[in-house]
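Content type compact mmCIF, N, CA and C atoms and all ligand atoms, from the file run39.txt:
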```
# COMPACT_ATOMS: atom_id res chain seq x y z
N MET U 1 -0.30 0.17 5.57
CA MET U 1 0.52 0.83 6.60
C MET U 1 1.86 0.11 6.75
N ASN U 2 2.87 0.89 6.93
CA ASN U 2 4.20 0.35 7.21
C ASN U 2 4.16 -0.49 8.49
N LYS U 3 4.78 -1.68 8.44
CA LYS U 3 4.71 -2.58 9.60
C LYS U 3 5.37 -1.95 10.82
N LEU U 4 6.50 -1.24 10.59
CA LEU U 4 7.21 -0.60 11.70
C LEU U 4 6.34 0.47 12.34
N VAL U 5 5.70 1.28 11.49
CA VAL U 5 4.83 2.34 12.01
C VAL U 5 3.69 1.72 12.81
N GLY U 6 3.11 0.65 12.27
CA GLY U 6 2.02 -0.03 12.97
C GLY U 6 2.46 -0.54 14.33
N ALA U 7 3.66 -1.13 14.37
CA ALA U 7 4.18 -1.66 15.63
C ALA U 7 4.44 -0.52 16.62
N LEU U 8 4.98 0.59 16.12
CA LEU U 8 5.28 1.73 16.99
C LEU U 8 3.99 2.33 17.57
N VAL U 9 2.98 2.48 16.71
CA VAL U 9 1.71 3.05 17.17
C VAL U 9 1.07 2.11 18.18
N THR U 10 1.13 0.78 17.91
CA THR U 10 0.58 -0.19 18.86
C THR U 10 1.32 -0.10 20.19
N PHE U 11 2.65 0.00 20.12
CA PHE U 11 3.47 0.12 21.33
C PHE U 11 3.10 1.37 22.11
N ALA U 12 2.96 2.51 21.39
CA ALA U 12 2.57 3.76 22.05
C ALA U 12 1.20 3.60 22.70
N GLY U 13 0.29 2.91 22.02
CA GLY U 13 -1.04 2.68 22.57
C GLY U 13 -0.98 1.87 23.84
N ILE U 14 -0.16 0.80 23.84
CA ILE U 14 -0.03 -0.05 25.03
C ILE U 14 0.55 0.78 26.19
N CYS U 15 1.60 1.58 25.89
CA CYS U 15 2.22 2.43 26.92
C CYS U 15 1.19 3.38 27.52
N LEU U 16 0.37 3.99 26.65
CA LEU U 16 -0.64 4.94 27.12
C LEU U 16 -1.66 4.25 28.03
N VAL U 17 -2.08 3.04 27.62
CA VAL U 17 -3.08 2.31 28.42
C VAL U 17 -2.49 1.96 29.78
N ILE U 18 -1.21 1.49 29.79
CA ILE U 18 -0.57 1.12 31.06
C ILE U 18 -0.42 2.36 31.95
N LEU U 19 0.09 3.45 31.35
CA LEU U 19 0.24 4.70 32.10
C LEU U 19 -1.10 5.17 32.66
N GLY U 20 -2.12 5.13 31.79
CA GLY U 20 -3.45 5.55 32.21
C GLY U 20 -3.97 4.68 33.35
N ALA U 21 -3.69 3.37 33.27
CA ALA U 21 -4.13 2.44 34.31
C ALA U 21 -3.46 2.78 35.64
N ILE U 22 -2.15 3.12 35.57
CA ILE U 22 -1.42 3.50 36.79
C ILE U 22 -2.04 4.75 37.41
N PHE U 23 -2.34 5.72 36.53
CA PHE U 23 -2.98 6.96 37.00
C PHE U 23 -4.32 6.65 37.67
N LEU U 24 -5.07 5.74 37.05
CA LEU U 24 -6.40 5.41 37.57
C LEU U 24 -6.29 4.69 38.91
N VAL U 25 -5.26 3.82 39.05
CA VAL U 25 -5.06 3.07 40.30
C VAL U 25 -4.67 4.05 41.41
N ALA U 26 -3.72 4.98 41.09
CA ALA U 26 -3.34 6.03 42.06
C ALA U 26 -4.41 7.11 42.03
N TRP U 27 -5.57 6.76 42.52
CA TRP U 27 -6.78 7.53 42.32
C TRP U 27 -6.74 8.90 43.01
N SER U 28 -6.94 9.94 42.21
CA SER U 28 -7.31 11.27 42.70
C SER U 28 -8.04 11.91 41.54
N VAL U 29 -8.71 12.99 41.75
CA VAL U 29 -9.62 13.52 40.73
C VAL U 29 -8.87 13.86 39.44
N GLU U 30 -7.78 14.65 39.55
CA GLU U 30 -7.08 15.06 38.32
C GLU U 30 -6.38 13.87 37.66
N ASN U 31 -5.84 12.94 38.47
CA ASN U 31 -5.20 11.75 37.91
C ASN U 31 -6.21 10.86 37.18
N ALA U 32 -7.39 10.77 37.72
CA ALA U 32 -8.41 9.91 37.11
C ALA U 32 -8.78 10.43 35.73
N VAL U 33 -8.89 11.76 35.61
CA VAL U 33 -9.24 12.34 34.31
C VAL U 33 -8.12 12.07 33.31
N ALA U 34 -6.87 12.37 33.71
CA ALA U 34 -5.72 12.15 32.82
C ALA U 34 -5.59 10.66 32.49
N GLY U 35 -5.76 9.81 33.51
CA GLY U 35 -5.64 8.37 33.30
C GLY U 35 -6.70 7.86 32.34
N GLY U 36 -7.92 8.33 32.54
CA GLY U 36 -9.01 7.91 31.67
C GLY U 36 -8.75 8.31 30.23
N MET U 37 -8.24 9.55 30.03
CA MET U 37 -7.91 10.05 28.70
C MET U 37 -6.84 9.16 28.04
N MET U 38 -5.79 8.84 28.81
CA MET U 38 -4.68 8.04 28.27
C MET U 38 -5.17 6.66 27.85
N VAL U 39 -6.01 6.05 28.69
CA VAL U 39 -6.52 4.71 28.34
C VAL U 39 -7.34 4.80 27.05
N LEU U 40 -8.17 5.84 26.96
CA LEU U 40 -9.02 5.99 25.78
C LEU U 40 -8.17 6.19 24.51
N ILE U 41 -7.17 7.11 24.61
CA ILE U 41 -6.32 7.39 23.44
C ILE U 41 -5.53 6.14 23.06
N GLY U 42 -4.95 5.47 24.05
CA GLY U 42 -4.16 4.27 23.79
C GLY U 42 -4.99 3.19 23.14
N ALA U 43 -6.21 2.97 23.67
CA ALA U 43 -7.10 1.96 23.10
C ALA U 43 -7.49 2.37 21.68
N GLY U 44 -7.70 3.66 21.48
CA GLY U 44 -8.06 4.16 20.15
C GLY U 44 -6.95 3.92 19.15
N LEU U 45 -5.71 4.16 19.56
CA LEU U 45 -4.54 3.94 18.68
C LEU U 45 -4.45 2.47 18.27
N MET U 46 -4.60 1.58 19.27
CA MET U 46 -4.49 0.15 18.97
C MET U 46 -5.62 -0.29 18.05
N TYR U 47 -6.82 0.26 18.29
CA TYR U 47 -7.98 -0.09 17.46
C TYR U 47 -7.74 0.40 16.03
N TYR U 48 -7.16 1.61 15.91
CA TYR U 48 -6.88 2.19 14.59
C TYR U 48 -5.92 1.29 13.79
N VAL U 49 -4.81 0.88 14.46
CA VAL U 49 -3.83 0.01 13.79
C VAL U 49 -4.49 -1.31 13.39
N TYR U 50 -5.31 -1.84 14.30
CA TYR U 50 -5.99 -3.11 14.03
C TYR U 50 -6.89 -2.97 12.81
N ARG U 51 -7.65 -1.87 12.76
CA ARG U 51 -8.55 -1.62 11.62
C ARG U 51 -7.76 -1.51 10.32
N VAL U 52 -6.70 -0.66 10.32
CA VAL U 52 -5.92 -0.42 9.10
C VAL U 52 -5.32 -1.72 8.60
N GLU U 53 -4.75 -2.51 9.52
CA GLU U 53 -4.11 -3.76 9.11
C GLU U 53 -5.12 -4.74 8.56
N LYS U 54 -6.32 -4.74 9.13
CA LYS U 54 -7.38 -5.63 8.66
C LYS U 54 -7.80 -5.22 7.25
N ILE U 55 -7.95 -3.92 7.03
CA ILE U 55 -8.35 -3.42 5.71
C ILE U 55 -7.27 -3.75 4.69
N GLU U 56 -6.01 -3.53 5.06
CA GLU U 56 -4.92 -3.79 4.11
C GLU U 56 -4.80 -5.27 3.81
N ALA U 57 -5.09 -6.12 4.80
CA ALA U 57 -5.02 -7.56 4.57
C ALA U 57 -6.12 -8.01 3.63
N ALA U 58 -7.24 -7.26 3.63
CA ALA U 58 -8.38 -7.64 2.80
C ALA U 58 -8.19 -7.21 1.35
N LYS U 59 -7.27 -6.29 1.11
CA LYS U 59 -7.05 -5.80 -0.26
C LYS U 59 -6.43 -6.90 -1.13
N PRO U 60 -6.75 -6.90 -2.42
CA PRO U 60 -6.15 -7.91 -3.30
C PRO U 60 -4.65 -7.70 -3.46
N GLN U 61 -4.00 -8.75 -3.94
CA GLN U 61 -2.54 -8.75 -4.08
C GLN U 61 -2.06 -7.68 -5.05
N LEU U 62 -2.97 -7.20 -5.90
CA LEU U 62 -2.63 -6.26 -6.97
C LEU U 62 -1.91 -5.02 -6.44
N VAL U 63 -2.22 -4.59 -5.24
CA VAL U 63 -1.65 -3.35 -4.70
C VAL U 63 -0.14 -3.43 -4.63
N SER U 64 0.37 -4.52 -4.00
CA SER U 64 1.81 -4.63 -3.86
C SER U 64 2.46 -4.94 -5.20
N GLN U 65 1.70 -5.63 -6.07
CA GLN U 65 2.22 -5.98 -7.39
C GLN U 65 2.49 -4.69 -8.19
N THR U 66 1.52 -3.79 -8.18
CA THR U 66 1.66 -2.52 -8.90
C THR U 66 2.85 -1.75 -8.34
N PHE U 67 3.01 -1.81 -7.03
CA PHE U 67 4.12 -1.12 -6.39
C PHE U 67 5.45 -1.68 -6.89
N ASN U 68 5.57 -3.00 -6.95
CA ASN U 68 6.80 -3.63 -7.43
C ASN U 68 7.08 -3.25 -8.88
N VAL U 69 6.03 -3.23 -9.69
CA VAL U 69 6.17 -2.89 -11.10
C VAL U 69 6.72 -1.47 -11.23
N THR U 70 6.17 -0.58 -10.45
CA THR U 70 6.61 0.81 -10.51
C THR U 70 8.08 0.92 -10.12
N MET U 71 8.46 0.16 -9.10
CA MET U 71 9.82 0.24 -8.61
C MET U 71 10.82 -0.36 -9.60
N SER U 72 10.41 -1.43 -10.30
CA SER U 72 11.35 -2.12 -11.16
C SER U 72 11.37 -1.54 -12.58
N GLY U 73 10.36 -0.72 -12.90
CA GLY U 73 10.30 -0.16 -14.25
C GLY U 73 11.48 0.75 -14.52
N SER U 74 12.16 0.55 -15.64
CA SER U 74 13.31 1.38 -15.96
C SER U 74 12.85 2.67 -16.65
N GLY U 75 13.73 3.65 -16.67
CA GLY U 75 13.39 4.92 -17.31
C GLY U 75 13.11 4.76 -18.78
N GLU U 76 13.76 3.78 -19.38
CA GLU U 76 13.60 3.55 -20.82
C GLU U 76 12.14 3.22 -21.16
N MET U 77 11.54 2.37 -20.33
CA MET U 77 10.15 1.99 -20.58
C MET U 77 9.22 3.19 -20.44
N THR U 78 9.48 4.00 -19.45
CA THR U 78 8.64 5.17 -19.21
C THR U 78 8.70 6.14 -20.38
N GLN U 79 9.90 6.29 -20.94
CA GLN U 79 10.06 7.22 -22.05
C GLN U 79 9.25 6.79 -23.27
N LYS U 80 9.22 5.48 -23.52
CA LYS U 80 8.47 4.99 -24.68
C LYS U 80 6.98 4.97 -24.40
N ASN U 81 6.61 5.10 -23.13
CA ASN U 81 5.23 5.30 -22.75
C ASN U 81 4.33 4.15 -23.20
N MET U 82 4.80 2.93 -23.07
CA MET U 82 3.96 1.78 -23.38
C MET U 82 3.42 1.23 -22.07
N ILE U 83 2.12 1.33 -21.92
CA ILE U 83 1.50 0.93 -20.67
C ILE U 83 0.32 0.01 -20.97
N CYS U 84 0.21 -1.05 -20.20
CA CYS U 84 -0.90 -1.99 -20.39
C CYS U 84 -2.22 -1.27 -20.18
N LYS U 85 -3.14 -1.49 -21.14
CA LYS U 85 -4.43 -0.82 -21.05
C LYS U 85 -5.29 -1.41 -19.96
N SER U 86 -4.96 -2.64 -19.56
CA SER U 86 -5.79 -3.32 -18.57
C SER U 86 -5.34 -3.02 -17.14
N CYS U 87 -4.03 -3.17 -16.88
CA CYS U 87 -3.57 -3.02 -15.50
C CYS U 87 -2.58 -1.88 -15.32
N GLY U 88 -2.16 -1.23 -16.41
CA GLY U 88 -1.28 -0.07 -16.29
C GLY U 88 0.18 -0.40 -16.11
N ALA U 89 0.54 -1.70 -16.25
CA ALA U 89 1.94 -2.08 -16.08
C ALA U 89 2.74 -1.65 -17.32
N PRO U 90 4.00 -1.31 -17.13
CA PRO U 90 4.83 -0.95 -18.28
C PRO U 90 5.09 -2.16 -19.17
N ILE U 91 5.06 -1.94 -20.49
CA ILE U 91 5.28 -3.02 -21.46
C ILE U 91 6.69 -2.86 -22.03
N ALA U 92 7.47 -3.94 -21.97
CA ALA U 92 8.82 -3.90 -22.50
C ALA U 92 8.80 -4.17 -24.01
N GLU U 93 9.89 -3.80 -24.67
CA GLU U 93 10.00 -4.01 -26.12
C GLU U 93 9.81 -5.47 -26.49
N LYS U 94 10.32 -6.37 -25.65
CA LYS U 94 10.24 -7.81 -25.96
C LYS U 94 8.80 -8.31 -25.93
N ASP U 95 7.91 -7.56 -25.32
CA ASP U 95 6.52 -7.99 -25.24
C ASP U 95 5.68 -7.47 -26.41
N VAL U 96 6.31 -6.71 -27.31
CA VAL U 96 5.59 -6.16 -28.46
C VAL U 96 5.99 -6.94 -29.70
N LYS U 97 4.98 -7.39 -30.46
CA LYS U 97 5.24 -8.16 -31.69
C LYS U 97 4.50 -7.50 -32.85
N VAL U 98 5.10 -7.63 -34.05
CA VAL U 98 4.42 -7.14 -35.24
C VAL U 98 3.57 -8.28 -35.80
N VAL U 99 2.26 -8.10 -35.78
CA VAL U 99 1.34 -9.12 -36.28
C VAL U 99 0.50 -8.50 -37.38
N GLN U 100 0.65 -9.02 -38.62
CA GLN U 100 -0.10 -8.54 -39.79
C GLN U 100 -0.02 -7.02 -39.90
N GLY U 101 1.17 -6.50 -39.80
CA GLY U 101 1.39 -5.07 -39.99
C GLY U 101 1.04 -4.22 -38.78
N GLY U 102 0.41 -4.81 -37.78
CA GLY U 102 0.05 -4.04 -36.58
C GLY U 102 0.92 -4.45 -35.41
N LEU U 103 1.04 -3.58 -34.47
CA LEU U 103 1.84 -3.88 -33.28
C LEU U 103 0.93 -4.46 -32.21
N MET U 104 1.28 -5.65 -31.77
CA MET U 104 0.50 -6.28 -30.71
C MET U 104 1.37 -6.37 -29.46
N ALA U 105 0.85 -5.92 -28.36
CA ALA U 105 1.59 -5.98 -27.10
C ALA U 105 0.93 -6.99 -26.18
N THR U 106 1.76 -7.76 -25.50
CA THR U 106 1.27 -8.71 -24.51
C THR U 106 1.74 -8.25 -23.14
N CYS U 107 0.81 -8.04 -22.27
CA CYS U 107 1.17 -7.59 -20.93
C CYS U 107 1.83 -8.72 -20.16
N PRO U 108 3.05 -8.53 -19.66
CA PRO U 108 3.72 -9.61 -18.92
C PRO U 108 3.13 -9.82 -17.53
N TYR U 109 2.28 -8.91 -17.09
CA TYR U 109 1.78 -8.99 -15.70
C TYR U 109 0.38 -9.57 -15.63
N CYS U 110 -0.52 -9.15 -16.54
CA CYS U 110 -1.88 -9.67 -16.47
C CYS U 110 -2.23 -10.49 -17.69
N GLY U 111 -1.33 -10.55 -18.71
CA GLY U 111 -1.53 -11.45 -19.84
C GLY U 111 -2.45 -10.92 -20.92
N VAL U 112 -2.92 -9.68 -20.78
CA VAL U 112 -3.83 -9.12 -21.78
C VAL U 112 -3.05 -8.82 -23.07
N VAL U 113 -3.65 -9.16 -24.22
CA VAL U 113 -3.06 -8.85 -25.51
C VAL U 113 -3.87 -7.72 -26.14
N PHE U 114 -3.18 -6.67 -26.57
CA PHE U 114 -3.91 -5.55 -27.19
C PHE U 114 -3.05 -4.93 -28.28
N ALA U 115 -3.71 -4.22 -29.19
CA ALA U 115 -3.02 -3.56 -30.29
C ALA U 115 -2.51 -2.20 -29.82
N MET U 116 -1.29 -1.88 -30.23
CA MET U 116 -0.74 -0.56 -29.89
C MET U 116 -1.31 0.45 -30.89
N GLN U 117 -1.89 1.50 -30.40
CA GLN U 117 -2.49 2.49 -31.30
C GLN U 117 -1.42 3.35 -31.96
N GLU U 118 -0.43 3.74 -31.21
CA GLU U 118 0.64 4.55 -31.76
C GLU U 118 1.90 3.70 -31.86
N ALA U 119 2.61 3.87 -32.96
CA ALA U 119 3.86 3.14 -33.11
C ALA U 119 4.90 3.73 -32.16
N PRO U 120 5.53 2.88 -31.35
CA PRO U 120 6.59 3.39 -30.47
C PRO U 120 7.76 3.96 -31.27
N LYS U 121 8.41 4.92 -30.72
CA LYS U 121 9.50 5.58 -31.45
C LYS U 121 10.78 4.77 -31.33
N TRP U 122 11.06 3.94 -32.34
CA TRP U 122 12.38 3.33 -32.42
C TRP U 122 12.71 3.05 -33.86
ZN ZN E 201 -1.61 -5.77 -17.83
```
Take the structure from the file and write it as structure tokens.
Ligand SMILES: [Zn+2]
Amino acid sequence: MNKLVGALVTFAGICLVILGAIFLVAWSVENAVAGGMMVLIGAGLMYYVYRVEKIEAAKPQLVSQTFNVTMSGSGEMTQKNMICKSCGAPIAEKDVKVVQGGLMATCPYCGVVFAMQEAPKW
């Protein structure tokens, strides 16, 4: 989750809980129902953000790494369609070597060495 979105949802949740609490303090039947609803929704929002952030924190670093790779990959690499078989990262020309007549690619991200099945077009 985007940190800004998380902060905004948490803020909205806090506002709802405070508003709901005010409604509950200024006790009357219809206010109590609305106040109770607001407290529940606000608490639910904060719990949701807490859960999502906890899950995202538990994920391995690979998620953001893949994201960076996608963002930094140039169009040239995509056109040649060389992708690491292990982690899916784009392979640059400098990472491909001719070894005993075959093309061997070394993944710059996870270090896996594999043979290219199709010769890249150059
Ligand atoms: Zn790789």
Practice task
List the neighbours of segment 41-56 of chain U out to 8 Å using only C-alpha atoms; skip same-chain residues closer than 5 positions along the sequence, and give me the result as a list in words.
Solution key: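 Within the cut-off, the hits are Met1, Gly6, Val9, Thr10, Ala12, Gly13, Ile14, Cys15, Leu16 and Val17 of chain U.
Those protein and nucleic acid residues that have any atom within 8 Å of ligand ZN 201 (chain E) are, using only N, CA and C atoms and all ligand atoms, U:Ile83, U:Cys84, U:Lys85, U:Ser86, U:Cys87, U:Gly88, U:Ala89, U:Pro90, U:Thr106, U:Cys107, U:Pro108, U:Tyr109, U:Cys110, U:Gly111, U:Val112, U:Val113.
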Problem - Pick from U:Ala26, U:Ala21, U:Met82, U:Ala115 nearest to Lys97 of chain U, counting only C-alpha atoms - result: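 Residue with the minimum atom-to-atom distance to Lys97 of chain U: U:Ala115.
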Fill in the blank from the handout: Counting only C-alpha atoms, the residue among U:Ala92, U:Leu19, U:Val5, U:Met38 that lies closest to Ala105 of chain U is U:Ala92
Practice task
One decimal, Å: what's the distance from atom N of Ala58 of chain U over to atom C of Phe11 of chain U, could you say?
Solution key: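 Atom N of Ala58 of chain U sits 22.9 Å away from atom C of Phe11 of chain U.
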